Structure formats: C-alpha cells, structure tokens
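Asks: Encoded as structure tokens, here's the structure I'll be asking about.
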Amino acid sequence: TPNMKGLKIVGLILLATVAIPSWSATKFVNNSATGSNNGTSWANAWTNVSSIGWSGLSAGDVVCVAGGTYSGSIKTGANGASGNPITIRRAAAADAACGSSTAGWNSSFDAQAVISGITLANNYVTIDGASSNGFKINLANASGSPSGIGVSAPTNGVVLRYIEVSGPCGTTACNQNGDSRSIDLNSWNGSSYNLQNNMTIQYNNLHGSCTILWSDNSTNLVIEHNRFADSADSTPGNPNCHPNVVAAQDSTNVAFRYNEVTNWQVEGIMTCPNGGCSSSWDIYGNLWHDPMAGSYPRVLEAQGNTNGPYRV
C-alpha cells in the first residue's frame with residue numbers, strides 16, 4: 001500500500017543514516033613546513049607540537065609528527081573515546097596514516113622526534129613514538145620536581161608508548177638538583193590527587209632521573225615492556241632526591257610486568273612512602289639486573305602502615 005511504501009522509504013533512509021561512518025581526520029606536525037600551518041598536510045603542517053589545534057580534534061583522529069627537534073611540549077586538550085582514541089604518533093614510513101603513502105612524504109620524517117615534554121589532561125589519548133625511542137624528552141637538572149611526562153587533571157584510558165625520557169644523570173650518578181621524575185602521575189586538585197585510571201605505559205626507555213615513575217592515586221595501571229635505568233643521586237646527604245625506580249601511593253590494581261630494571265641505587269618499587277595507603281600490585285616477568293656498584297638496591301619495599309597485597 002502507499003502508506004507501507006512510505007514507511008519502507010523512511011526506514012531505508014534511517015538505516016542509511018545510521019550506516020554512514022564518522023570519518024576520522026589525519027593532521028600533521030612538521031617543523032620545516034612553509035605552507036599555511038593549519039595541520040592539513042605535510043606542506044601545511046603545524047610547525048611545533050605545542051601548536052597542535054586540539055579544539056579541532058575528536059575521537060579517532062591521528063596527528064602525525066615528523067622527526068626533528070621541537071621546542072614545545074605536547075599538552076593534551078581534547079578527549080578521544082574508548083576504543084577510538086586521539087593519537088599523537090611519530091611518523092614512520094610503513095605507517096598507513098603517517099608514512100610514505102601520505103602526500104608530501106619525505107624520508108627524513110621517519111626519525112626521532114625530540115620534544116620538551118608531555119602534559120596529560122584528557123581521556124583516551126595515545127602518545128605513540130611508533131618505534132623504540134621514537135619520541136625523546138631530555139629532562140633538565142632543575143630544582144623542585146621536574147618531569148618529562150606529567151598530568152594536570154584526572155585522566156582515563158591514556159596510553160604512552162615508545163617514548164624515551166633521558167637524564168638528568170647518565171649511567172654514573174650525578175648531583176641531582178631536584179626530585180626529577182621521568183613520569184610523574186601526581187596532580188593535586190586542592191584536596192586530593194586526581195585519579196589516573198586505566199593508563200598503559202609500555203615500550204618506553206626511562207633513565208637517569210631521581211624517581212623514574214611516581215604515581216599517587218592511580219588504578220588499573222599497566223606498566224609493561226619498559227626499560228628503567230640509572231636511578232641515582234651523588235649529592236652528599238641526598239637533600240633534593242631520594243632515588244626510587246618507582247614510588248607509588250594509593251595505586252591499586254597495578255600490573256608491573258615484563259620490564260627491565262638496571263643500574264638502580266636504592267629502592268626498586270617503593271610503595272606507600274607517605275604512610276599507609278591503598279595498594280594492590282601484580283609484579284611478574286621482570287628482569288632486575290646489575291644494580292649500581294656500592295649501592296643498597298631493593299626490588300620491592302613497602303613502608304608505612306597496613307598496605308598491599310603485593311603478588312610477586
């Protein structure tokens with residue numbers, strides 16, 4: 001009947017509308033771009049990671065970063081979605097989104113990208129160096145608690161991979177001017193530390209800081225396939241730094257697995273250093289080897305009041 005035909009047409013229109021995908025966008029960062037610098041291509045790329053137009057990014061978008069040295073930091077400014085993150089990825093030739101098949105590609109783009117730091121403040125964002133040490137951060141020997149990667153708000157579903165955070169010390173202990181931290185998951189909101197939920201930290205090379213990873217108020221944290229090295233301080237009396245590979249307060253449902261830890265001076269995993277806290281850790285499949293000569297290395301040390309469990 002005419003009415004049934006009308007209903008069928010309406011139904012087909014609705015089905016077609018539902019079936020239309022929401023296309024993700026690919027944007028570009030290239031410090032040598034000379035075009036309009038709006039991020040739309042390699043020629044028109046943003047010229048600094050600090051210039052990324054976060055207000056125009058949404059779930060599923062990819063920002064490709066060419067190799068080179070950038071004076072700015074990555075500071076997240078938009079949320080992705082579960083299973084569909086916003087991704088900041090270092091360019092690699094074989095990458096379908098960021099590689100040799102993209103218009104204006106140059107083989108020089110497939111190289112390490114050196115940036116000043118990373119600050120996380122959003123949900124479902126992936127920072128991906130694409131291959132070993134793809135992104136690099138050089139951590140200065142400054143006072144206070146300088147960090148290579150930090151947080152400034154609650155986050156959920158963040159992924160950090162293939163990032164190198166280097167310094168301030170090398171393989172030999174140096175005088176630390178502060179409590180330097182390769183990754184610092186501490187964000188104080190005035191009454192408590194903001195929760196960092198469902199974060200994955202994998203395939204990173206973290207070395208030379210005082211405390212390589214500091215976590216206060218994290219849950220469902222996965223730390224896997226990373227290299228932790230050279231946590232040390234030679235300042236007499238250690239006034240600015242007490243070396244820990246990992247320090248964790250109120251960090252629950254944490255998996256620390258398949259990591260390499262080497263050349264560390266004091267604590268390995270230091271839990272609840274500020275007194276009793278909520279903690280729950282699974283620690284397995286890791287390689288701990290060659291602690292620093294003349295040091296007092298530990299693998300796991302729990303301080304404070306009642307805490308745990310720790311399953312090793």
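As shown in the structure tokens, the chain order sets the letters A, B, ...; within each chain, residues go from 1, and ligands are also counted from 1 in the order they appear.
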Excluding segment 164-175 of chain A and residues on its chain fewer than 2 positions from it, collect all residues at most 10 Å away from it, counting only C-alpha atoms, and give them as a ChimeraX atom specification.
Replies: /A:112,114,117,129,132-142,146-149,161-162,177-178,180-183,203-210,212,226-227,229-236,238-241,262-265,292-293
Asks: Taking 3 positions as the minimum chain separation for residues in the same chain, which residues sit within 9 Å of Ser24 of chain A when counting only C-alpha atoms? Answer as a PyMOL selection string.
Replies: chain A and resi 58-62
Asks: Kindly save the residues from that selection, with C-alpha atoms included, as a PDB file, in the first residue's frame.
Replies:
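In the end it all went to selection_11.pdb:
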```pdb
ATOM      1  CA  SER A  58      37.983  14.395  18.059  1.00  0.00           C
ATOM      2  CA  ALA A  59      37.874  10.654  18.698  1.00  0.00           C
ATOM      3  CA  GLY A  60      39.766   8.625  16.101  1.00  0.00           C
ATOM      4  CA  ASP A  61      41.881  11.496  14.795  1.00  0.00           C
ATOM      5  CA  VAL A  62      45.604  10.956  14.264  1.00  0.00           C
TER       6      VAL A  62
END
```
Asks: Can you pull out every residue within 8 Å of segment 99-111 of chain A, counting only C-alpha atoms, but drop anything in the same chain fewer than 5 positions away, and send it as a VMD selection string?
Replies: chain A and resid 41 to 43 65 to 68 90 to 94 134
Asks: How would the residues just chosen look if you wrote them out with all heavy atoms as a PDB file, in the first residue's frame?
Replies:
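What ended up in part_2.pdb:
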```pdb
ATOM      1  N   SER A  41      48.230  18.998   6.024  1.00  0.00           N
ATOM      2  CA  SER A  41      49.114  18.180   5.188  1.00  0.00           C
ATOM      3  C   SER A  41      50.540  18.378   5.681  1.00  0.00           C
ATOM      4  O   SER A  41      50.808  19.250   6.513  1.00  0.00           O
ATOM      5  CB  SER A  41      48.995  18.585   3.715  1.00  0.00           C
ATOM      6  OG  SER A  41      49.510  19.901   3.526  1.00  0.00           O
ATOM      7  N   TRP A  42      51.475  17.599   5.118  1.00  0.00           N
ATOM      8  CA  TRP A  42      52.873  17.817   5.488  1.00  0.00           C
ATOM      9  C   TRP A  42      53.328  19.214   5.085  1.00  0.00           C
ATOM     10  O   TRP A  42      54.054  19.878   5.828  1.00  0.00           O
ATOM     11  CB  TRP A  42      53.766  16.769   4.822  1.00  0.00           C
ATOM     12  CG  TRP A  42      53.672  15.398   5.415  1.00  0.00           C
ATOM     13  CD1 TRP A  42      53.322  14.242   4.772  1.00  0.00           C
ATOM     14  CD2 TRP A  42      53.973  15.020   6.767  1.00  0.00           C
ATOM     15  NE1 TRP A  42      53.357  13.169   5.637  1.00  0.00           N
ATOM     16  CE2 TRP A  42      53.769  13.617   6.874  1.00  0.00           C
ATOM     17  CE3 TRP A  42      54.385  15.720   7.899  1.00  0.00           C
ATOM     18  CZ2 TRP A  42      53.967  12.911   8.054  1.00  0.00           C
ATOM     19  CZ3 TRP A  42      54.588  15.025   9.085  1.00  0.00           C
ATOM     20  CH2 TRP A  42      54.382  13.645   9.155  1.00  0.00           C
ATOM     21  N   ALA A  43      52.895  19.681   3.913  1.00  0.00           N
ATOM     22  CA  ALA A  43      53.304  21.015   3.458  1.00  0.00           C
ATOM     23  C   ALA A  43      52.702  22.125   4.318  1.00  0.00           C
ATOM     24  O   ALA A  43      53.323  23.171   4.526  1.00  0.00           O
ATOM     25  CB  ALA A  43      52.911  21.204   1.996  1.00  0.00           C
ATOM     26  N   VAL A  65      53.625  13.283  13.572  1.00  0.00           N
ATOM     27  CA  VAL A  65      54.712  14.202  13.915  1.00  0.00           C
ATOM     28  C   VAL A  65      55.978  13.766  13.195  1.00  0.00           C
ATOM     29  O   VAL A  65      56.475  12.651  13.405  1.00  0.00           O
ATOM     30  CB  VAL A  65      54.952  14.237  15.436  1.00  0.00           C
ATOM     31  CG1 VAL A  65      56.070  15.214  15.782  1.00  0.00           C
ATOM     32  CG2 VAL A  65      53.673  14.606  16.186  1.00  0.00           C
ATOM     33  N   ALA A  66      56.505  14.630  12.340  1.00  0.00           N
ATOM     34  CA  ALA A  66      57.743  14.330  11.640  1.00  0.00           C
ATOM     35  C   ALA A  66      58.922  14.366  12.602  1.00  0.00           C
ATOM     36  O   ALA A  66      58.921  15.101  13.593  1.00  0.00           O
ATOM     37  CB  ALA A  66      57.960  15.338  10.515  1.00  0.00           C
ATOM     38  N   GLY A  67      59.949  13.584  12.299  1.00  0.00           N
ATOM     39  CA  GLY A  67      61.148  13.611  13.114  1.00  0.00           C
ATOM     40  C   GLY A  67      61.806  14.980  13.084  1.00  0.00           C
ATOM     41  O   GLY A  67      61.631  15.765  12.151  1.00  0.00           O
ATOM     42  N   GLY A  68      62.572  15.266  14.133  1.00  0.00           N
ATOM     43  CA  GLY A  68      63.232  16.559  14.247  1.00  0.00           C
ATOM     44  C   GLY A  68      63.195  17.027  15.684  1.00  0.00           C
ATOM     45  O   GLY A  68      62.733  16.315  16.571  1.00  0.00           O
ATOM     46  N   ARG A  90      54.490   9.526  16.101  1.00  0.00           N
ATOM     47  CA  ARG A  90      55.667   9.906  15.333  1.00  0.00           C
ATOM     48  C   ARG A  90      55.613   9.240  13.965  1.00  0.00           C
ATOM     49  O   ARG A  90      55.229   8.075  13.837  1.00  0.00           O
ATOM     50  CB  ARG A  90      56.917   9.496  16.113  1.00  0.00           C
ATOM     51  CG  ARG A  90      58.175  10.253  15.688  1.00  0.00           C
ATOM     52  CD  ARG A  90      58.978   9.508  14.665  1.00  0.00           C
ATOM     53  NE  ARG A  90      59.490   8.243  15.171  1.00  0.00           N
ATOM     54  CZ  ARG A  90      60.053   7.326  14.401  1.00  0.00           C
ATOM     55  NH1 ARG A  90      60.137   7.504  13.087  1.00  0.00           N
ATOM     56  NH2 ARG A  90      60.494   6.201  14.929  1.00  0.00           N
ATOM     57  N   ALA A  91      55.982   9.983  12.938  1.00  0.00           N
ATOM     58  CA  ALA A  91      55.899   9.473  11.574  1.00  0.00           C
ATOM     59  C   ALA A  91      56.840   8.294  11.361  1.00  0.00           C
ATOM     60  O   ALA A  91      57.973   8.292  11.843  1.00  0.00           O
ATOM     61  CB  ALA A  91      56.227  10.587  10.584  1.00  0.00           C
ATOM     62  N   ALA A  92      56.362   7.296  10.627  1.00  0.00           N
ATOM     63  CA  ALA A  92      57.167   6.144  10.244  1.00  0.00           C
ATOM     64  C   ALA A  92      56.772   5.737   8.830  1.00  0.00           C
ATOM     65  O   ALA A  92      55.592   5.738   8.484  1.00  0.00           O
ATOM     66  CB  ALA A  92      56.957   4.986  11.213  1.00  0.00           C
ATOM     67  N   ALA A  93      57.735   5.382   8.007  1.00  0.00           N
ATOM     68  CA  ALA A  93      57.481   5.141   6.585  1.00  0.00           C
ATOM     69  C   ALA A  93      56.406   4.100   6.345  1.00  0.00           C
ATOM     70  O   ALA A  93      55.587   4.235   5.429  1.00  0.00           O
ATOM     71  CB  ALA A  93      58.786   4.738   5.895  1.00  0.00           C
ATOM     72  N   ALA A  94      56.376   3.053   7.166  1.00  0.00           N
ATOM     73  CA  ALA A  94      55.441   1.948   6.938  1.00  0.00           C
ATOM     74  C   ALA A  94      54.043   2.221   7.478  1.00  0.00           C
ATOM     75  O   ALA A  94      53.138   1.406   7.286  1.00  0.00           O
ATOM     76  CB  ALA A  94      55.996   0.673   7.563  1.00  0.00           C
ATOM     77  N   GLY A 134      61.046   6.593  19.792  1.00  0.00           N
ATOM     78  CA  GLY A 134      60.506   7.426  18.717  1.00  0.00           C
ATOM     79  C   GLY A 134      60.318   8.875  19.113  1.00  0.00           C
ATOM     80  O   GLY A 134      60.625   9.791  18.341  1.00  0.00           O
TER      81      GLY A 134
END
```
Asks: Which residues come within 10 Å of Ala248 of chain A, counting only C-alpha atoms, excluding same-chain residues fewer than 5 positions away, as a list in words?
Replies: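 Here the answer would be Leu185, Asn186, Leu213, Trp214, Ser215, Asp216, Asn217, Ser218, Ile269, Met270, Thr271, Cys272, Pro273, Asn274, Cys277, Ser278, Ser279 and Ala302 of chain A.
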Asks: Give me, as a PyMOL selection string, the residues of segment 15-199 of chain A that a backbone DSSP run labels strand (DSSP E or B).
Replies: chain A and resi 26-29+46+62-65+68-69+74-75+81+84+86-90+113-115+118-120+125-128+135-138+147-151+155-156+159-161+163-166+181-185+188+193+196-197
Asks: Give me the residues near Val312 of chain A as a list in words, where near means some atom within 9 Å (using only C-alpha atoms) and where sequence neighbours in that chain fewer than 2 positions away do not count.
Replies: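 Final neighbour list, sorted by chain and number: Trp281, Asp282, Ile283, Tyr284 and Tyr310 of chain A.
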Asks: Take the residues from that selection and write them out as a compact mmCIF listing (two decimals), in the first residue's frame, keeping N, CA and C atoms.
Replies:
```
# COMPACT_ATOMS: atom_id res chain seq x y z
N TRP A 281 49.23 -4.81 43.85
CA TRP A 281 50.17 -4.93 42.74
C TRP A 281 50.39 -6.39 42.35
N ASP A 282 50.45 -6.64 41.05
CA ASP A 282 50.94 -7.90 40.49
C ASP A 282 52.27 -7.61 39.80
N ILE A 283 53.34 -8.27 40.26
CA ILE A 283 54.69 -7.99 39.80
C ILE A 283 55.27 -9.29 39.25
N TYR A 284 55.46 -9.38 37.93
CA TYR A 284 55.90 -10.66 37.37
C TYR A 284 56.57 -10.48 36.02
N TYR A 310 50.74 -7.47 47.63
CA TYR A 310 51.72 -7.47 46.55
C TYR A 310 51.94 -8.92 46.14
```
Asks: Gly80 of chain A: which residues within 12 Å, counting only C-alpha atoms, same-chain residues fewer than 2 positions away excluded, as a PyMOL selection string?
Replies: chain A and resi 24+54-62+76-78+82-88+121-126+155-159
